[in-house]
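Chemist: The structure under discussion is supplied below as structure tokens; questions concerning it will follow.
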Amino acid sequence: MSTDLTAPIFHDEDAARAHFQALRWPHGPVCPHCGVVDNATEMKGRTTRPGLFKCKEKECRKPFTATMGTVYERSHIPLHKWLLATHLMCSSKKGISAHQLFRMLGFGSYKTAWFMAHRIREAMNLPAEPSPLGGEGKFVEVDETYVGGKEANKHKNKRNSRDMFGRKEAVITLVERGGRARSFHVANVTAKTLRPIIVKTADRASHLMTDGARMYPAVGKEFAAHSAVDHAAGEYVRHGLHHSNTVENYFSILKRGITGTFHHVSEAHLSRYLVEFDFRYSNRAGLGITDTMRADEAVRGVVGKRLTYRQPRKAA
């Protein structure tokens with residue numbers, strides 16, 4: 001996908017459809033009904049909608065399009081606008097708000113842009129059983145932070161509203177040095193809450209790296225090694241290797257995005273925004289991934305996922 005926003009795929013529906021078909025079907029059309037590869041005919045005619053294929057298998061013979069079985073299915077938004085919105089979200093380091101998409105893409109309502117952005121975040125989401133972070137000889141940094149709301153409300157449990165102007169929400173992030181990141185919205189920061197997330201997300205052959213918080217030593221014993229720096233004593237780096245600066249850098253991007261781009265995020269949808277920031281970080285330029293490659297990866301992620309209008313209004 002070109003970084004040139006004047007590229008045809010962002011403005012021409014035929015070019016956008018051809019681009020999406022090439023990403024979804026690199027080896028030819030795949031029938032979603034019977035699974036046969038490259039044995040379909042594209043149906044053409046004045047009364048036939050563009051991009052419609054018909055399976056040539058004798059037992060099937062059913063019509064299909066490239067958008068079937070994706071978050072684009074039954075969408076009235078033109079495909080070229082989906083590609084443009086995906087590119088904008090993937091190339092903006094701190095994200096792009098639904099209000100900005102609403103203005104730039106010329107939608108009739110803000111609600112359309114908001115729902116579209118959530119569907120693109122769904123495409124960025126990982127599979128149900130992703131591979132663990134780290135491994136033998138690798139460092140996995142773990143830390144927690146609080147986003148939204150006021151500092152004075154960081155440890156308050158009472159939720160008086162659906163947005164984050166009041167109570168700060170807790171987030172735990174694991175970052176593999178030189179690799180990927182995964183973040184989780186948690187109800188509270190305790191050893192009981194964090195341990196299941198850490199042991200499931202990080203390979204136990206990893207070297208776990210944390211700060212001096214009291215909930216980490218116990219879970220650290222379950223890994224190949226565990227080191228901690230004592231921020232309370234002013235220690236941030238030891239021997240140039242022991243530090244949690246990588247995950248702290250991730251938090252700086254996350255907080256600037258939440259505060260500067262989105263301004264506030266509802267508690268119900270915080271997990272969806274974390275997916276977005278994890279995706280961009282795990283597919284960053286430092287790993288040799290360009291804006292084009294990152295956007296194409298997000299577009300590939302639409303396959304096998306659906307998100308109805310009711311679902312985004314509930315907690316992820």
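In the structure tokens, chains take the letters A, B, ... in the order shown, each chain's residues start at 1, and ligands count up from 1 in the order shown.
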Which residues are close to A:Met89, i.e. within 12 Å by only C-alpha atoms, leaving aside same-chain residues fewer than 6 positions away? Reply as a ChimeraX atom specification.
Modeler: /A:82-83,95-98,100-101,113,116-121,123-124,257,261,273,276-277,279-280,291-292,294-296,298-299
Chemist: Save the residues we just selected, N, CA, C and O atoms, as a tab-separated table (two decimals), in the first residue's frame?
Modeler:
chain	number	residue	atom	x	y	z
A	82	TRP	N	-12.14	2.37	3.27
A	82	TRP	CA	-11.62	1.45	4.28
A	82	TRP	C	-10.09	1.41	4.23
A	82	TRP	O	-9.42	1.45	5.27
A	83	LEU	N	-9.54	1.32	3.02
A	83	LEU	CA	-8.08	1.25	2.87
A	83	LEU	C	-7.41	2.54	3.32
A	83	LEU	O	-6.36	2.51	3.97
A	95	GLY	N	-2.03	7.47	16.81
A	95	GLY	CA	-3.42	7.22	16.44
A	95	GLY	C	-4.08	8.42	15.78
A	95	GLY	O	-3.52	9.50	15.72
A	96	ILE	N	-5.26	8.18	15.27
A	96	ILE	CA	-6.07	9.24	14.66
A	96	ILE	C	-7.49	9.08	15.17
A	96	ILE	O	-8.02	7.97	15.21
A	97	SER	N	-8.10	10.15	15.59
A	97	SER	CA	-9.41	10.06	16.22
A	97	SER	C	-10.52	9.82	15.21
A	97	SER	O	-10.37	10.09	14.02
A	98	ALA	N	-11.64	9.31	15.69
A	98	ALA	CA	-12.80	9.09	14.83
A	98	ALA	C	-13.33	10.42	14.30
A	98	ALA	O	-13.83	10.49	13.18
A	100	GLN	N	-11.48	12.95	13.46
A	100	GLN	CA	-10.61	13.31	12.35
A	100	GLN	C	-10.95	12.48	11.11
A	100	GLN	O	-10.98	13.00	10.00
A	101	LEU	N	-11.21	11.19	11.29
A	101	LEU	CA	-11.62	10.35	10.17
A	101	LEU	C	-12.94	10.84	9.59
A	101	LEU	O	-13.13	10.87	8.36
A	113	ALA	N	-17.78	6.87	11.39
A	113	ALA	CA	-16.32	6.86	11.55
A	113	ALA	C	-15.92	6.12	12.82
A	113	ALA	O	-14.92	5.38	12.84
A	116	MET	N	-16.33	2.42	12.24
A	116	MET	CA	-15.30	1.98	11.30
A	116	MET	C	-13.96	1.80	12.00
A	116	MET	O	-13.26	0.81	11.79
A	117	ALA	N	-13.59	2.76	12.84
A	117	ALA	CA	-12.32	2.69	13.55
A	117	ALA	C	-12.26	1.47	14.46
A	117	ALA	O	-11.23	0.80	14.56
A	118	HIS	N	-13.38	1.13	15.11
A	118	HIS	CA	-13.40	-0.05	15.97
A	118	HIS	C	-13.26	-1.34	15.15
A	118	HIS	O	-12.65	-2.31	15.61
A	119	ARG	N	-13.83	-1.36	13.97
A	119	ARG	CA	-13.70	-2.54	13.12
A	119	ARG	C	-12.25	-2.71	12.63
A	119	ARG	O	-11.76	-3.83	12.50
A	120	ILE	N	-11.58	-1.61	12.37
A	120	ILE	CA	-10.17	-1.69	11.97
A	120	ILE	C	-9.32	-2.16	13.15
A	120	ILE	O	-8.39	-2.96	12.98
A	121	ARG	N	-9.67	-1.72	14.36
A	121	ARG	CA	-8.95	-2.23	15.55
A	121	ARG	C	-9.18	-3.74	15.72
A	121	ARG	O	-8.29	-4.45	16.16
A	123	ALA	N	-9.50	-5.79	13.33
A	123	ALA	CA	-8.61	-6.41	12.35
A	123	ALA	C	-7.17	-6.46	12.86
A	123	ALA	O	-6.40	-7.36	12.51
A	124	MET	N	-6.80	-5.50	13.70
A	124	MET	CA	-5.45	-5.46	14.26
A	124	MET	C	-5.26	-6.47	15.39
A	124	MET	O	-4.13	-6.73	15.81
A	257	GLY	N	-0.97	9.39	23.09
A	257	GLY	CA	-2.09	9.12	22.19
A	257	GLY	C	-3.43	9.26	22.88
A	257	GLY	O	-4.35	9.89	22.36
A	261	THR	N	-4.59	12.63	21.34
A	261	THR	CA	-5.35	12.30	20.14
A	261	THR	C	-6.81	12.00	20.46
A	261	THR	O	-7.73	12.55	19.85
A	273	TYR	N	-8.35	0.04	22.22
A	273	TYR	CA	-7.30	1.02	21.91
A	273	TYR	C	-5.92	0.45	22.22
A	273	TYR	O	-4.95	0.74	21.52
A	276	GLU	N	-4.70	-1.46	19.32
A	276	GLU	CA	-4.20	-0.58	18.27
A	276	GLU	C	-2.76	-0.15	18.53
A	276	GLU	O	-1.91	-0.21	17.64
A	277	PHE	N	-2.48	0.28	19.76
A	277	PHE	CA	-1.12	0.72	20.09
A	277	PHE	C	-0.14	-0.46	20.08
A	277	PHE	O	1.01	-0.31	19.65
A	279	PHE	N	-0.39	-3.09	18.17
A	279	PHE	CA	-0.19	-3.45	16.76
A	279	PHE	C	0.86	-2.55	16.11
A	279	PHE	O	1.78	-3.03	15.43
A	280	ARG	N	0.72	-1.25	16.31
A	280	ARG	CA	1.69	-0.33	15.70
A	280	ARG	C	3.09	-0.55	16.27
A	280	ARG	O	4.08	-0.52	15.54
A	291	ASP	N	5.19	1.90	6.71
A	291	ASP	CA	3.76	2.21	6.84
A	291	ASP	C	2.93	1.34	5.90
A	291	ASP	O	1.84	0.88	6.26
A	292	THR	N	3.46	1.11	4.71
A	292	THR	CA	2.76	0.29	3.72
A	292	THR	C	2.59	-1.14	4.22
A	292	THR	O	1.50	-1.72	4.16
A	294	ARG	N	2.74	-2.23	7.28
A	294	ARG	CA	1.91	-2.26	8.48
A	294	ARG	C	0.43	-2.19	8.10
A	294	ARG	O	-0.40	-2.92	8.65
A	295	ALA	N	0.09	-1.31	7.18
A	295	ALA	CA	-1.30	-1.19	6.75
A	295	ALA	C	-1.77	-2.46	6.04
A	295	ALA	O	-2.90	-2.92	6.25
A	296	ASP	N	-0.91	-3.04	5.21
A	296	ASP	CA	-1.28	-4.28	4.53
A	296	ASP	C	-1.52	-5.41	5.53
A	296	ASP	O	-2.43	-6.23	5.35
A	298	ALA	N	-2.64	-5.04	8.56
A	298	ALA	CA	-3.94	-4.78	9.18
A	298	ALA	C	-5.07	-5.18	8.25
A	298	ALA	O	-6.09	-5.72	8.69
A	299	VAL	N	-4.92	-4.93	6.95
A	299	VAL	CA	-5.95	-5.29	5.98
A	299	VAL	C	-6.10	-6.81	5.93
A	299	VAL	O	-7.22	-7.34	5.86
Chemist: List as an NGL selection string the protein and nucleic acid residues near A:Ala228, meaning an atom at most 10 Å away when only C-alpha atoms are counted, but skip any in the same chain fewer than 4 places from it.
Modeler: :A and (141 or 208-213 or 216-217 or 220 or 235-238 or 242-244)
Chemist: With C-alpha atoms retained, write the just-selected residues as an mmCIF file, in the first residue's frame.
Modeler:
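Below is the file that was written, selection_20.cif:
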data_model
loop_
_atom_site.group_PDB
_atom_site.id
_atom_site.type_symbol
_atom_site.label_atom_id
_atom_site.label_comp_id
_atom_site.auth_asym_id
_atom_site.auth_seq_id
_atom_site.Cartn_x
_atom_site.Cartn_y
_atom_site.Cartn_z
ATOM 1 C CA GLU A 141 9.985 -6.182 30.400
ATOM 2 C CA LEU A 208 11.810 -11.188 33.249
ATOM 3 C CA MET A 209 12.693 -7.539 33.839
ATOM 4 C CA THR A 210 10.564 -5.367 36.180
ATOM 5 C CA ASP A 211 10.771 -2.494 38.617
ATOM 6 C CA GLY A 212 10.841 -3.060 42.366
ATOM 7 C CA ALA A 213 7.067 -3.392 42.876
ATOM 8 C CA TYR A 216 6.760 -9.176 40.810
ATOM 9 C CA PRO A 217 9.283 -11.239 42.870
ATOM 10 C CA GLY A 220 9.649 -13.832 38.704
ATOM 11 C CA GLU A 235 17.922 3.330 40.140
ATOM 12 C CA TYR A 236 16.850 3.118 36.507
ATOM 13 C CA VAL A 237 19.667 1.246 34.745
ATOM 14 C CA ARG A 238 22.120 -1.305 36.125
ATOM 15 C CA HIS A 242 18.883 -4.268 33.684
ATOM 16 C CA HIS A 243 16.184 -1.659 33.110
ATOM 17 C CA SER A 244 12.535 -1.247 32.175
#
Chemist: Pull the helix (DSSP H, G or I) assignments for stretch 115-277 of chain A out of DSSP run on the backbone, and list those residues as a ChimeraX atom specification.
Modeler: /A:115-124,151-153,191-201,216-220,231-233,245-262,267-277
Chemist: Quick one, how far is atom CA of A:Tyr110 from atom CA of A:Val302?
Modeler: 21.9 Å
Chemist: Would you mind reading off the distance between atom CA of A:Phe139 and atom CA of A:Val175, one decimal, in Å?
Modeler: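 These atoms are spaced 8.5 Å apart.
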Chemist: Can you list, as an NGL selection string, all residues belonging to stretch 125-216 of chain A that DSSP tags as strand (DSSP E)?
Modeler: :A and (139-147 or 169-176 or 181-186 or 207-211)
Chemist: Kindly export the residues of the current selection with N, CA, C and O atoms, as a compact mmCIF listing (two decimals), in the first residue's frame.
Modeler:
# COMPACT_ATOMS: atom_id res chain seq x y z
N PHE A 139 14.95 -10.89 26.88
CA PHE A 139 14.38 -10.12 27.98
C PHE A 139 12.93 -9.76 27.66
O PHE A 139 12.62 -9.36 26.53
N VAL A 140 12.08 -9.89 28.66
CA VAL A 140 10.70 -9.41 28.56
C VAL A 140 10.48 -8.44 29.71
O VAL A 140 10.56 -8.83 30.88
N GLU A 141 10.22 -7.20 29.38
CA GLU A 141 9.99 -6.18 30.40
C GLU A 141 8.50 -6.10 30.72
O GLU A 141 7.66 -6.17 29.82
N VAL A 142 8.20 -5.95 32.00
CA VAL A 142 6.81 -5.87 32.46
C VAL A 142 6.66 -4.65 33.36
O VAL A 142 7.50 -4.40 34.22
N ASP A 143 5.60 -3.91 33.15
CA ASP A 143 5.33 -2.76 34.02
C ASP A 143 3.85 -2.43 33.94
O ASP A 143 3.14 -2.87 33.03
N GLU A 144 3.41 -1.65 34.89
CA GLU A 144 2.01 -1.23 34.92
C GLU A 144 1.96 0.29 34.95
O GLU A 144 2.90 0.96 35.36
N THR A 145 0.85 0.82 34.47
CA THR A 145 0.65 2.26 34.48
C THR A 145 -0.83 2.55 34.61
O THR A 145 -1.66 1.63 34.60
N TYR A 146 -1.16 3.82 34.71
CA TYR A 146 -2.56 4.24 34.81
C TYR A 146 -2.81 5.30 33.74
O TYR A 146 -1.99 6.21 33.54
N VAL A 147 -3.92 5.19 33.04
CA VAL A 147 -4.21 6.13 31.96
C VAL A 147 -5.56 6.78 32.18
O VAL A 147 -6.47 6.20 32.79
N GLU A 169 -7.52 4.25 34.86
CA GLU A 169 -7.62 2.82 34.59
C GLU A 169 -6.24 2.20 34.54
O GLU A 169 -5.30 2.77 33.98
N ALA A 170 -6.11 1.01 35.13
CA ALA A 170 -4.82 0.33 35.21
C ALA A 170 -4.55 -0.48 33.94
O ALA A 170 -5.44 -1.15 33.42
N VAL A 171 -3.31 -0.41 33.47
CA VAL A 171 -2.87 -1.14 32.28
C VAL A 171 -1.55 -1.82 32.60
O VAL A 171 -0.66 -1.22 33.20
N ILE A 172 -1.43 -3.09 32.24
CA ILE A 172 -0.15 -3.80 32.34
C ILE A 172 0.32 -4.12 30.93
O ILE A 172 -0.46 -4.52 30.07
N THR A 173 1.61 -3.89 30.68
CA THR A 173 2.19 -4.14 29.36
C THR A 173 3.44 -4.99 29.49
O THR A 173 4.26 -4.79 30.38
N LEU A 174 3.55 -5.96 28.58
CA LEU A 174 4.76 -6.77 28.46
C LEU A 174 5.39 -6.44 27.12
O LEU A 174 4.71 -6.45 26.08
N VAL A 175 6.69 -6.14 27.13
CA VAL A 175 7.41 -5.80 25.91
C VAL A 175 8.63 -6.70 25.78
O VAL A 175 9.44 -6.78 26.70
N GLU A 176 8.74 -7.35 24.67
CA GLU A 176 9.92 -8.14 24.34
C GLU A 176 10.94 -7.20 23.72
O GLU A 176 10.64 -6.54 22.71
N ALA A 181 4.82 -6.14 21.65
CA ALA A 181 4.25 -5.68 22.92
C ALA A 181 2.82 -6.18 23.03
O ALA A 181 2.12 -6.32 22.02
N ARG A 182 2.40 -6.46 24.27
CA ARG A 182 1.00 -6.81 24.53
C ARG A 182 0.56 -6.12 25.80
O ARG A 182 1.26 -6.17 26.82
N SER A 183 -0.60 -5.50 25.73
CA SER A 183 -1.12 -4.73 26.85
C SER A 183 -2.48 -5.23 27.26
O SER A 183 -3.25 -5.74 26.44
N PHE A 184 -2.78 -5.05 28.55
CA PHE A 184 -4.03 -5.54 29.10
C PHE A 184 -4.61 -4.51 30.07
O PHE A 184 -3.90 -3.96 30.91
N HIS A 185 -5.91 -4.29 29.95
CA HIS A 185 -6.63 -3.45 30.90
C HIS A 185 -7.01 -4.33 32.08
O HIS A 185 -7.67 -5.36 31.90
N VAL A 186 -6.59 -3.97 33.28
CA VAL A 186 -6.87 -4.80 34.46
C VAL A 186 -7.66 -4.00 35.49
O VAL A 186 -7.58 -2.77 35.55
N HIS A 207 14.06 -13.97 30.43
CA HIS A 207 14.57 -13.22 31.57
C HIS A 207 13.57 -12.10 31.82
O HIS A 207 13.43 -11.18 31.02
N LEU A 208 12.83 -12.18 32.93
CA LEU A 208 11.81 -11.19 33.25
C LEU A 208 12.47 -9.96 33.87
O LEU A 208 13.30 -10.07 34.77
N MET A 209 12.10 -8.79 33.36
CA MET A 209 12.69 -7.54 33.84
C MET A 209 11.58 -6.61 34.32
O MET A 209 10.65 -6.31 33.57
N THR A 210 11.62 -6.20 35.60
CA THR A 210 10.56 -5.37 36.18
C THR A 210 11.18 -4.25 37.02
O THR A 210 12.40 -4.16 37.17
N ASP A 211 10.30 -3.44 37.60
CA ASP A 211 10.77 -2.49 38.62
C ASP A 211 10.67 -3.20 39.97
O ASP A 211 10.47 -4.40 40.04
Chemist: Ranking A:Lys255, A:Arg180, A:Arg214, A:Arg17 by minimum distance to A:Ala202 and counting only C-alpha atoms, which one comes first?
Modeler: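 Among A:Lys255, A:Arg180, A:Arg214, A:Arg17, it is A:Arg180 that comes nearest to A:Ala202.
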